[in-house]
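Note: the block below is structure11.cif and it holds mmCIF, C-alpha atoms.
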data_my_file
loop_
_atom_site.group_PDB
_atom_site.id
_atom_site.type_symbol
_atom_site.label_atom_id
_atom_site.label_comp_id
_atom_site.auth_asym_id
_atom_site.auth_seq_id
_atom_site.Cartn_x
_atom_site.Cartn_y
_atom_site.Cartn_z
ATOM 1 C CA MET Y 1 -19.075 2.554 -3.003
ATOM 2 C CA THR Y 2 -20.462 -0.608 -1.383
ATOM 3 C CA ALA Y 3 -18.086 -3.388 -0.389
ATOM 4 C CA PRO Y 4 -18.156 -6.145 -3.013
ATOM 5 C CA SER Y 5 -19.213 -9.554 -1.748
ATOM 6 C CA ASP Y 6 -17.174 -11.689 -4.111
ATOM 7 C CA ALA Y 7 -14.274 -11.523 -6.534
ATOM 8 C CA GLY Y 8 -16.466 -11.192 -9.642
ATOM 9 C CA GLU Y 9 -18.387 -8.280 -8.173
ATOM 10 C CA ALA Y 10 -15.187 -6.539 -7.006
ATOM 11 C CA LEU Y 11 -13.676 -6.847 -10.477
ATOM 12 C CA ALA Y 12 -16.907 -5.691 -12.148
ATOM 13 C CA GLN Y 13 -16.956 -2.606 -9.912
ATOM 14 C CA ALA Y 14 -13.296 -1.920 -10.716
ATOM 15 C CA LEU Y 15 -14.191 -2.146 -14.402
ATOM 16 C CA THR Y 16 -16.955 0.477 -14.079
ATOM 17 C CA ALA Y 17 -14.456 2.724 -12.246
ATOM 18 C CA GLU Y 18 -11.977 2.283 -15.103
ATOM 19 C CA TYR Y 19 -14.678 3.172 -17.682
ATOM 20 C CA ALA Y 20 -15.407 6.380 -15.778
ATOM 21 C CA ALA Y 21 -11.693 7.197 -15.415
ATOM 22 C CA ILE Y 22 -11.088 6.792 -19.162
ATOM 23 C CA TRP Y 23 -14.075 9.003 -19.881
ATOM 24 C CA ALA Y 24 -12.940 11.676 -17.394
ATOM 25 C CA TYR Y 25 -9.484 11.960 -18.945
ATOM 26 C CA GLY Y 26 -11.185 13.301 -22.102
ATOM 27 C CA PRO Y 27 -12.253 16.635 -20.551
ATOM 28 C CA ILE Y 28 -9.105 16.636 -18.376
ATOM 29 C CA GLY Y 29 -6.724 16.279 -21.328
ATOM 30 C CA VAL Y 30 -8.170 19.138 -23.348
ATOM 31 C CA ARG Y 31 -7.597 21.582 -20.443
ATOM 32 C CA LEU Y 32 -3.937 20.628 -20.078
ATOM 33 C CA SER Y 33 -0.907 21.268 -22.239
ATOM 34 C CA GLY Y 34 2.692 20.191 -22.607
ATOM 35 C CA ALA Y 35 4.029 17.682 -20.088
ATOM 36 C CA GLU Y 36 0.748 17.650 -18.179
ATOM 37 C CA ARG Y 37 -1.253 16.715 -21.270
ATOM 38 C CA LYS Y 38 1.267 13.969 -21.954
ATOM 39 C CA ALA Y 39 0.928 12.732 -18.373
ATOM 40 C CA ALA Y 40 -2.864 12.678 -18.804
ATOM 41 C CA ALA Y 41 -2.492 10.600 -21.979
ATOM 42 C CA THR Y 42 -0.199 8.159 -20.147
ATOM 43 C CA ALA Y 43 -2.684 7.912 -17.279
ATOM 44 C CA GLU Y 44 -5.574 7.326 -19.666
ATOM 45 C CA ALA Y 45 -3.597 4.581 -21.419
ATOM 46 C CA ALA Y 46 -3.012 2.865 -18.062
ATOM 47 C CA HIS Y 47 -6.759 2.905 -17.320
ATOM 48 C CA ARG Y 48 -7.504 1.556 -20.819
ATOM 49 C CA GLY Y 49 -5.004 -1.251 -20.280
ATOM 50 C CA ARG Y 50 -6.653 -2.274 -17.007
ATOM 51 C CA ARG Y 51 -10.118 -2.000 -18.576
ATOM 52 C CA ASP Y 52 -9.109 -4.336 -21.415
ATOM 53 C CA ALA Y 53 -7.521 -6.840 -19.018
ATOM 54 C CA LEU Y 54 -10.644 -6.801 -16.812
ATOM 55 C CA VAL Y 55 -12.953 -7.402 -19.763
ATOM 56 C CA VAL Y 56 -10.865 -10.424 -20.793
ATOM 57 C CA GLN Y 57 -10.652 -11.705 -17.238
ATOM 58 C CA LEU Y 58 -14.389 -11.353 -16.568
ATOM 59 C CA SER Y 59 -15.240 -12.988 -19.930
ATOM 60 C CA ASN Y 60 -12.961 -15.922 -19.216
ATOM 61 C CA GLY Y 61 -14.425 -16.276 -15.737
ATOM 62 C CA GLY Y 62 -17.932 -16.455 -17.154
ATOM 63 C CA GLY Y 63 -18.978 -13.452 -15.082
ATOM 64 C CA SER Y 64 -21.200 -10.666 -16.346
ATOM 65 C CA ILE Y 65 -19.443 -7.669 -17.830
ATOM 66 C CA PRO Y 66 -20.967 -4.331 -16.870
ATOM 67 C CA PRO Y 67 -21.523 -2.131 -19.936
ATOM 68 C CA ASP Y 68 -19.741 1.168 -20.487
ATOM 69 C CA ARG Y 69 -21.942 4.260 -20.560
ATOM 70 C CA ALA Y 70 -22.089 7.077 -23.084
ATOM 71 C CA GLY Y 71 -21.100 9.576 -20.404
ATOM 72 C CA TYR Y 72 -20.387 9.996 -16.717
ATOM 73 C CA ALA Y 73 -21.358 12.786 -14.331
ATOM 74 C CA LEU Y 74 -18.383 14.878 -13.298
ATOM 75 C CA PRO Y 75 -18.201 15.921 -9.628
ATOM 76 C CA PHE Y 76 -17.624 19.531 -10.735
ATOM 77 C CA PRO Y 77 -17.319 21.343 -14.070
ATOM 78 C CA VAL Y 78 -13.909 21.114 -15.715
ATOM 79 C CA THR Y 79 -13.355 24.563 -17.151
ATOM 80 C CA ASP Y 80 -9.629 25.230 -16.812
ATOM 81 C CA ARG Y 81 -6.260 23.725 -15.909
ATOM 82 C CA ALA Y 82 -6.875 23.955 -12.153
ATOM 83 C CA SER Y 83 -10.195 22.091 -12.259
ATOM 84 C CA ALA Y 84 -8.740 19.542 -14.697
ATOM 85 C CA LEU Y 85 -5.877 18.770 -12.304
ATOM 86 C CA ARG Y 86 -8.285 18.559 -9.363
ATOM 87 C CA LEU Y 87 -10.427 16.073 -11.260
ATOM 88 C CA ALA Y 88 -7.362 14.043 -12.241
ATOM 89 C CA VAL Y 89 -6.479 13.720 -8.539
ATOM 90 C CA GLN Y 90 -10.023 12.543 -7.777
ATOM 91 C CA VAL Y 91 -10.078 10.067 -10.656
ATOM 92 C CA GLU Y 92 -6.878 8.411 -9.445
ATOM 93 C CA GLU Y 93 -8.008 8.357 -5.812
ATOM 94 C CA ARG Y 94 -11.354 6.874 -6.779
ATOM 95 C CA THR Y 95 -10.022 4.113 -9.042
ATOM 96 C CA ALA Y 96 -7.400 3.290 -6.391
ATOM 97 C CA ALA Y 97 -10.261 2.685 -3.939
ATOM 98 C CA PHE Y 98 -11.925 0.166 -6.270
ATOM 99 C CA TRP Y 99 -8.697 -1.794 -6.693
ATOM 100 C CA ARG Y 100 -8.162 -1.751 -2.939
ATOM 101 C CA ALA Y 101 -11.605 -3.373 -2.663
ATOM 102 C CA VAL Y 102 -10.418 -6.188 -4.968
ATOM 103 C CA LEU Y 103 -7.627 -7.151 -2.533
ATOM 104 C CA PRO Y 104 -9.691 -9.102 0.062
ATOM 105 C CA THR Y 105 -11.362 -11.285 -2.569
ATOM 106 C CA SER Y 106 -8.151 -12.026 -4.480
ATOM 107 C CA ALA Y 107 -5.037 -14.149 -4.090
ATOM 108 C CA GLY Y 108 -1.798 -14.816 -5.912
ATOM 109 C CA ALA Y 109 -1.260 -13.085 -9.230
ATOM 110 C CA GLU Y 110 -4.694 -11.472 -9.128
ATOM 111 C CA ARG Y 111 -3.896 -9.857 -5.770
ATOM 112 C CA ASP Y 112 -0.524 -8.700 -7.118
ATOM 113 C CA ARG Y 113 -2.298 -7.010 -10.021
ATOM 114 C CA ALA Y 114 -4.817 -5.307 -7.721
ATOM 115 C CA LEU Y 115 -2.027 -4.048 -5.464
ATOM 116 C CA ALA Y 116 -0.038 -2.803 -8.475
ATOM 117 C CA ALA Y 117 -3.094 -0.804 -9.613
ATOM 118 C CA LEU Y 118 -3.694 0.639 -6.134
ATOM 119 C CA VAL Y 119 -0.028 1.655 -5.827
ATOM 120 C CA GLU Y 120 0.204 3.086 -9.338
ATOM 121 C CA TYR Y 121 -2.933 5.214 -8.948
ATOM 122 C CA ALA Y 122 -1.912 6.445 -5.490
ATOM 123 C CA VAL Y 123 1.474 7.521 -6.870
ATOM 124 C CA ARG Y 124 -0.197 9.208 -9.838
ATOM 125 C CA ALA Y 125 -2.592 11.047 -7.517
ATOM 126 C CA THR Y 126 0.489 12.370 -5.708
ATOM 127 C CA ARG Y 127 1.977 13.582 -9.006
ATOM 128 C CA TRP Y 128 -1.284 15.338 -9.916
ATOM 129 C CA ARG Y 129 -1.426 16.944 -6.471
ATOM 130 C CA ARG Y 130 2.082 18.312 -7.055
ATOM 131 C CA SER Y 131 1.035 19.722 -10.461
ATOM 132 C CA ALA Y 132 -2.067 21.249 -8.864
ATOM 133 C CA GLY Y 133 -0.099 22.708 -5.956
ATOM 134 C CA ILE Y 134 -2.165 20.694 -3.467
ATOM 135 C CA SER Y 135 -0.561 20.130 -0.064
ATOM 136 C CA PRO Y 136 0.040 17.633 1.442
ATOM 137 C CA LEU Y 137 1.038 15.571 -1.572
ATOM 138 C CA THR Y 138 -0.084 12.291 -0.038
ATOM 139 C CA VAL Y 139 -2.878 10.745 2.010
ATOM 140 C CA ALA Y 140 -2.235 8.363 4.905
ATOM 141 C CA PHE Y 141 -4.424 5.497 3.627
ATOM 142 C CA PRO Y 142 -4.706 5.596 -0.173
ATOM 143 C CA GLY Y 143 -7.927 4.001 -1.405
ATOM 144 C CA ARG Y 144 -9.567 3.792 2.007
ATOM 145 C CA PRO Y 145 -13.175 4.937 1.861
ATOM 146 C CA GLY Y 146 -14.195 7.895 3.980
ATOM 147 C CA MET H 1 0.879 -25.252 18.050
ATOM 148 C CA VAL H 2 1.397 -27.266 14.938
ATOM 149 C CA PHE H 3 3.783 -24.930 13.197
ATOM 150 C CA THR H 4 6.042 -24.248 16.123
ATOM 151 C CA CYS H 5 6.583 -27.902 17.040
ATOM 152 C CA PRO H 6 9.415 -28.458 14.521
ATOM 153 C CA VAL H 7 11.103 -25.318 15.820
ATOM 154 C CA VAL H 8 11.366 -26.716 19.333
ATOM 155 C CA MET H 9 12.342 -30.190 18.125
ATOM 156 C CA GLY H 10 14.925 -28.699 15.811
ATOM 157 C CA ARG H 11 16.955 -27.155 18.616
ATOM 158 C CA THR H 12 20.299 -28.898 18.655
ATOM 159 C CA THR H 13 23.230 -28.778 20.998
ATOM 160 C CA ARG H 14 26.686 -28.502 19.572
ATOM 161 C CA ARG H 15 29.639 -30.480 20.867
ATOM 162 C CA ASN H 16 31.059 -27.363 22.488
ATOM 163 C CA GLY H 17 27.867 -26.981 24.441
ATOM 164 C CA THR H 18 26.411 -23.972 22.664
ATOM 165 C CA SER H 19 22.861 -24.279 21.585
ATOM 166 C CA GLU H 20 21.749 -23.273 18.167
ATOM 167 C CA ILE H 21 18.634 -23.409 16.132
ATOM 168 C CA SER H 22 19.089 -25.834 13.279
ATOM 169 C CA ARG H 23 18.762 -24.712 9.694
ATOM 170 C CA ARG H 24 15.588 -26.712 9.349
ATOM 171 C CA ALA H 25 14.113 -24.991 12.356
ATOM 172 C CA VAL H 26 14.959 -21.581 11.003
ATOM 173 C CA LEU H 27 13.207 -22.500 7.783
ATOM 174 C CA GLY H 28 10.274 -23.574 9.910
ATOM 175 C CA VAL H 29 10.108 -20.134 11.473
ATOM 176 C CA GLY H 30 10.205 -18.618 8.016
ATOM 177 C CA ALA H 31 7.302 -20.788 6.951
ATOM 178 C CA LEU H 32 5.379 -19.743 10.045
ATOM 179 C CA LEU H 33 5.908 -16.079 9.297
ATOM 180 C CA ALA H 34 5.099 -16.600 5.652
ATOM 181 C CA LEU H 35 1.788 -18.196 6.532
ATOM 182 C CA GLY H 36 1.001 -15.134 8.545
ATOM 183 C CA GLY H 37 -2.453 -14.718 9.935
ATOM 184 C CA ALA H 38 -3.646 -17.682 7.902
ATOM 185 C CA ALA H 39 -1.912 -19.924 10.425
ATOM 186 C CA ALA H 40 -3.554 -18.273 13.403
ATOM 187 C CA PRO H 41 -6.803 -20.281 13.356
ATOM 188 C CA LEU H 42 -4.780 -23.492 13.447
ATOM 189 C CA THR H 43 -2.939 -22.674 16.654
ATOM 190 C CA GLY H 44 -3.689 -23.904 20.110
ATOM 191 C CA CYS H 45 -4.031 -27.488 19.023
ATOM 192 C CA GLY H 46 -2.091 -29.523 21.515
ATOM 193 C CA LEU H 47 -2.083 -30.109 25.234
ATOM 194 C CA LEU H 48 1.673 -30.575 25.087
ATOM 195 C CA ASP H 49 2.175 -27.061 23.776
ATOM 196 C CA ARG H 50 0.685 -25.250 26.739
ATOM 197 C CA ASP H 51 3.989 -23.808 27.834
ATOM 198 C CA GLU H 52 4.700 -22.317 24.440
ATOM 199 C CA PRO H 53 4.414 -18.538 24.324
ATOM 200 C CA PRO H 54 1.865 -17.379 21.754
ATOM 201 C CA ALA H 55 3.385 -16.852 18.325
ATOM 202 C CA PRO H 56 4.052 -13.169 17.692
ATOM 203 C CA ASP H 57 1.657 -11.551 15.284
ATOM 204 C CA PRO H 58 3.307 -11.488 11.838
ATOM 205 C CA LEU H 59 2.400 -7.801 11.547
ATOM 206 C CA ALA H 60 4.057 -6.813 14.848
ATOM 207 C CA PRO H 61 7.439 -5.986 13.214
ATOM 208 C CA MET H 62 5.596 -3.650 10.845
ATOM 209 C CA ILE H 63 4.545 -1.451 13.764
ATOM 210 C CA ASP H 64 8.190 -0.884 14.718
ATOM 211 C CA GLU H 65 9.092 -0.297 11.094
ATOM 212 C CA ALA H 66 6.354 2.344 10.684
ATOM 213 C CA LEU H 67 7.499 4.141 13.836
ATOM 214 C CA ARG H 68 11.118 3.989 12.670
ATOM 215 C CA LEU H 69 10.172 5.545 9.334
ATOM 216 C CA ALA H 70 8.258 8.279 11.186
ATOM 217 C CA ALA H 71 11.218 8.921 13.510
ATOM 218 C CA GLY H 72 13.596 9.203 10.543
ATOM 219 C CA LEU H 73 11.361 11.807 8.896
ATOM 220 C CA ARG H 74 10.934 13.796 12.106
ATOM 221 C CA ALA H 75 14.687 13.787 12.750
ATOM 222 C CA ALA H 76 15.309 14.974 9.199
ATOM 223 C CA ALA H 77 12.700 17.726 9.624
ATOM 224 C CA GLY H 78 14.532 18.810 12.784
ATOM 225 C CA THR H 79 17.871 19.020 10.972
ATOM 226 C CA HIS H 80 16.367 20.677 7.882
ATOM 227 C CA PRO H 81 13.491 22.911 9.056
ATOM 228 C CA ASP H 82 12.820 24.073 5.489
ATOM 229 C CA LEU H 83 11.819 20.488 4.642
ATOM 230 C CA ALA H 84 9.451 20.182 7.622
ATOM 231 C CA ASP H 85 6.323 21.059 5.626
ATOM 232 C CA ARG H 86 7.040 18.198 3.252
ATOM 233 C CA LEU H 87 8.262 15.661 5.793
ATOM 234 C CA THR H 88 5.824 16.101 8.669
ATOM 235 C CA PRO H 89 2.693 14.829 6.837
ATOM 236 C CA LEU H 90 4.670 11.734 5.805
ATOM 237 C CA ALA H 91 5.740 11.122 9.422
ATOM 238 C CA GLU H 92 2.123 11.530 10.529
ATOM 239 C CA ALA H 93 1.025 8.961 7.941
ATOM 240 C CA HIS H 94 3.513 6.394 9.288
ATOM 241 C CA GLU H 95 2.303 7.068 12.822
ATOM 242 C CA ALA H 96 -1.296 6.566 11.675
ATOM 243 C CA HIS H 97 -0.210 3.261 10.093
ATOM 244 C CA ALA H 98 1.430 2.165 13.350
ATOM 245 C CA ALA H 99 -1.730 3.013 15.302
ATOM 246 C CA GLU H 100 -3.913 1.081 12.854
ATOM 247 C CA LEU H 101 -1.541 -1.918 12.829
ATOM 248 C CA ALA H 102 -1.558 -1.886 16.640
ATOM 249 C CA ARG H 103 -5.353 -1.870 16.599
ATOM 250 C CA VAL H 104 -5.746 -4.818 14.209
ATOM 251 C CA THR H 105 -3.043 -6.880 15.926
ATOM 252 C CA GLY H 106 -4.299 -6.037 19.420
ATOM 253 C CA THR H 107 -0.878 -4.790 20.525
ATOM 254 C CA ALA H 108 -0.046 -1.673 22.484
ATOM 255 C CA LEU H 109 2.091 0.966 20.818
ATOM 256 C CA PRO H 110 5.497 1.284 22.482
ATOM 257 C CA SER H 111 5.585 4.111 25.001
ATOM 258 C CA GLU H 112 9.175 5.012 24.088
ATOM 259 C CA PRO H 113 9.545 6.983 20.872
ATOM 260 C CA ALA H 114 11.278 4.988 18.151
ATOM 261 C CA ALA H 115 14.887 5.798 17.339
ATOM 262 C CA PRO H 116 15.607 6.557 13.689
ATOM 263 C CA SER H 117 17.953 4.055 12.098
ATOM 264 C CA GLY H 118 20.611 6.725 11.583
ATOM 265 C CA ALA H 119 21.252 10.419 12.163
ATOM 266 C CA PRO H 120 20.069 12.630 9.300
ATOM 267 C CA GLU H 121 22.732 13.757 6.867
ATOM 268 C CA ALA H 122 23.829 17.388 7.037
ATOM 269 C CA ASP H 123 23.454 17.575 3.279
ATOM 270 C CA LYS H 124 19.833 18.011 2.201
ATOM 271 C CA ALA H 125 20.047 15.956 -0.981
ATOM 272 C CA ALA H 126 21.719 13.108 0.915
ATOM 273 C CA THR H 127 18.982 13.289 3.558
ATOM 274 C CA LEU H 128 16.277 12.950 0.912
ATOM 275 C CA THR H 129 18.141 10.077 -0.736
ATOM 276 C CA ALA H 130 18.338 8.230 2.592
ATOM 277 C CA LEU H 131 14.651 8.876 3.307
ATOM 278 C CA ARG H 132 13.698 7.590 -0.144
ATOM 279 C CA GLN H 133 15.738 4.441 0.430
ATOM 280 C CA ALA H 134 13.956 3.863 3.761
ATOM 281 C CA GLU H 135 10.541 4.325 2.107
ATOM 282 C CA ARG H 136 11.518 1.950 -0.697
ATOM 283 C CA THR H 137 12.518 -0.758 1.776
ATOM 284 C CA GLY H 138 9.308 -0.136 3.724
ATOM 285 C CA ARG H 139 7.193 -0.282 0.580
ATOM 286 C CA ASP H 140 8.697 -3.620 -0.413
ATOM 287 C CA ALA H 141 8.146 -5.068 3.066
ATOM 288 C CA ALA H 142 4.515 -3.903 3.097
ATOM 289 C CA SER H 143 3.980 -5.273 -0.400
ATOM 290 C CA LYS H 144 5.279 -8.685 0.696
ATOM 291 C CA ALA H 145 3.044 -8.617 3.789
ATOM 292 C CA CYS H 146 0.088 -7.643 1.588
ATOM 293 C CA ALA H 147 0.678 -10.604 -0.731
ATOM 294 C CA GLU H 148 0.614 -13.005 2.223
ATOM 295 C CA ALA H 149 -2.080 -11.395 4.377
ATOM 296 C CA PRO H 150 -5.492 -12.855 5.217
ATOM 297 C CA ALA H 151 -8.527 -11.120 3.721
ATOM 298 C CA ASP H 152 -9.321 -9.019 6.788
ATOM 299 C CA ARG H 153 -5.893 -7.335 6.778
ATOM 300 C CA VAL H 154 -4.988 -7.120 3.128
ATOM 301 C CA ALA H 155 -6.724 -3.794 2.396
ATOM 302 C CA LEU H 156 -4.881 -2.043 5.232
ATOM 303 C CA LEU H 157 -1.573 -3.459 4.018
ATOM 304 C CA GLY H 158 -2.419 -2.399 0.468
ATOM 305 C CA SER H 159 -3.007 1.171 1.651
ATOM 306 C CA ILE H 160 0.263 1.149 3.611
ATOM 307 C CA THR H 161 2.152 -0.116 0.546
ATOM 308 C CA ALA H 162 0.555 2.578 -1.624
ATOM 309 C CA ALA H 163 1.251 5.275 0.991
ATOM 310 C CA ARG H 164 4.943 4.379 1.165
ATOM 311 C CA ALA H 165 5.158 4.317 -2.640
ATOM 312 C CA SER H 166 3.558 7.775 -2.780
ATOM 313 C CA HIS H 167 6.020 8.989 -0.118
ATOM 314 C CA LEU H 168 8.813 7.991 -2.469
ATOM 315 C CA GLU H 169 7.231 10.228 -5.080
ATOM 316 C CA ALA H 170 6.701 13.074 -2.603
ATOM 317 C CA LEU H 171 10.385 12.930 -1.588
ATOM 318 C CA LYS H 172 11.577 13.451 -5.160
#
Rendering of file as structure tokens:
Amino acid sequence: MTAPSDAGEALAQALTAEYAAIWAYGPIGVRLSGAERKAAATAEAAHRGRRDALVVQLSNGGGSIPPDRAGYALPFPVTDRASALRLAVQVEERTAAFWRAVLPTSAGAERDRALAALVEYAVRATRWRRSAGISPLTVAFPGRPG
Amino acid sequence: MVFTCPVVMGRTTRRNGTSEISRRAVLGVGALLALGGAAAPLTGCGLLDRDEPPAPDPLAPMIDEALRLAAGLRAAAGTHPDLADRLTPLAEAHEAHAAELARVTGTALPSEPAAPSGAPEADKAATLTALRQAERTGRDAASKACAEAPADRVALLGSITAARASHLEALK
């Protein structure tokens, strides 16, 4: 992830992260059941909501809208519940990082929205870590690269 | 310094001889804090202000707050050793925040360990409730600082806000 140089680029990068997150929740959801599958559907809906808002915002701003892809490479195969939960943690951590990168180029309501996304995804990563039995449940600097 | 001038001028003396800061001056201080680091490049403007101490960094109180949150978690872990595995990583995160805030503000961390704001409750559920309340207050303060921060500090404050919010979740 390279640091975006302006607001349009930061938002475009966040949009590509949201595309990938939505795609990843497909294979995640099918490996989960019950409350966890429901939580995955809720998470996916949140990423769809942010994707839609970004598309509108970038269109209104006259910026270029990066296209969605047919598929995204997963960091590891998702074959069971454990790997699905691990991927869900990574998806939330990764999208949180892209929204964190929006903060320096934003102000006012746009900054509030970026912070809300960073906070929401960090909290959701914590919930997925709990489901996965990962300890500790939190990281010191959510969204910070490295 | 432009923004501190009204503060000094606003100092009034009451008839009974006690000095107080006028309401207008207090509002001036609030405005100064609200402007945060954005005001920093505008300071040092006047020859007449040479005797003024430098304005405290708006993030300085956040260092104390982070250390207080850490101290509260460590005290609770001492009272309830079975919670230590959960609480210690959260305390370490607050200490890492304090160290990073000290670095960006160019301040030294206090050598004395911070005192927690209150003794941990004997009851475990009450302890967790109190810790959650402290994290909630800390999250809201960090969120406010994030909204007002200059570009070079906002990402750190965003991470601190998100960390405190995730602590709330971890303390459930």
On this file, the PyMOL selection byres ((chain Y) within 12 of (chain H)) gives some set of residues; write that set as an MDAnalysis selection string.
chainID Y and resid 3 6:7 93 96:131 134:145
Result set of the PyMOL selection byres ((chain Y and resi 55-68) around 7) on the coordinates above, as an NGL selection string:
:Y and (8 or 12 or 16 or 19 or 51-54 or 69-70)
Which neighbours of Ile28 (chain Y) fall inside 8 Å, counting all atoms listed in the file, when residues of the same chain fewer than 2 positions from it are skipped, and could you give them as a ChimeraX atom specification?
/Y:24-26,30-32,40,78,84-85,87-88
Quick check, in Å to one decimal: how far apart do CA of Arg81 (chain Y) and CA of Arg94 (chain Y) lie?
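Spanning CA of Arg81 (chain Y) to CA of Arg94 (chain Y) is a straight-line distance of 19.8 Å.
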Region 89-95 of chain H, all listed atoms, 8 Å padding on each side: what axis-aligned box centre and edge lengths in Å to one decimal come out, as lines of an AutoDock Vina configuration file?
center_x = 3.4
center_y = 10.6
center_z = 9.3
size_x = 20.7
size_y = 24.4
size_z = 23.0
Can you tell me how far CA of Gly72 (chain H) sits from CA of Pro116 (chain H), in Å to one decimal?
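CA of Gly72 (chain H) sits 4.6 Å away from CA of Pro116 (chain H).
Across the structure, CA of Asp140 (chain H) and CA of Glu112 (chain H) are spaced 26.0 Å apart.
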Considering only C-alpha atoms, return as a ChimeraX atom specification whatever protein or nucleic-acid residues lie within 9 Å of Arg68 (chain H), sequence-local ones (same chain, fewer than 3 positions apart) excluded.
/H:63-65,71-73,94,113-117
Give as a list in words the set of residues within 6 Å of the point (-17.7, 8.9, -17.5), where distances use the file's coordinates and only C-alpha atoms.
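Neighbouring residues, ordered by chain and number, come to Ala20, Trp23, Ala24, Gly71 and Tyr72 of chain Y.
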Near Arg48 (chain Y), within 9 Å and counting all atoms listed in the file, which residues show up once chain neighbours fewer than 6 positions away are dropped, as a PyMOL selection string?
chain Y and resi 18-19+21-22
Write the residues of the preceding selection, restricted to C-alpha atoms, as a tab-separated table (two decimals), keeping the file's coordinate frame.
chain	number	residue	atom	x	y	z
Y	18	GLU	CA	-11.98	2.28	-15.10
Y	19	TYR	CA	-14.68	3.17	-17.68
Y	21	ALA	CA	-11.69	7.20	-15.42
Y	22	ILE	CA	-11.09	6.79	-19.16
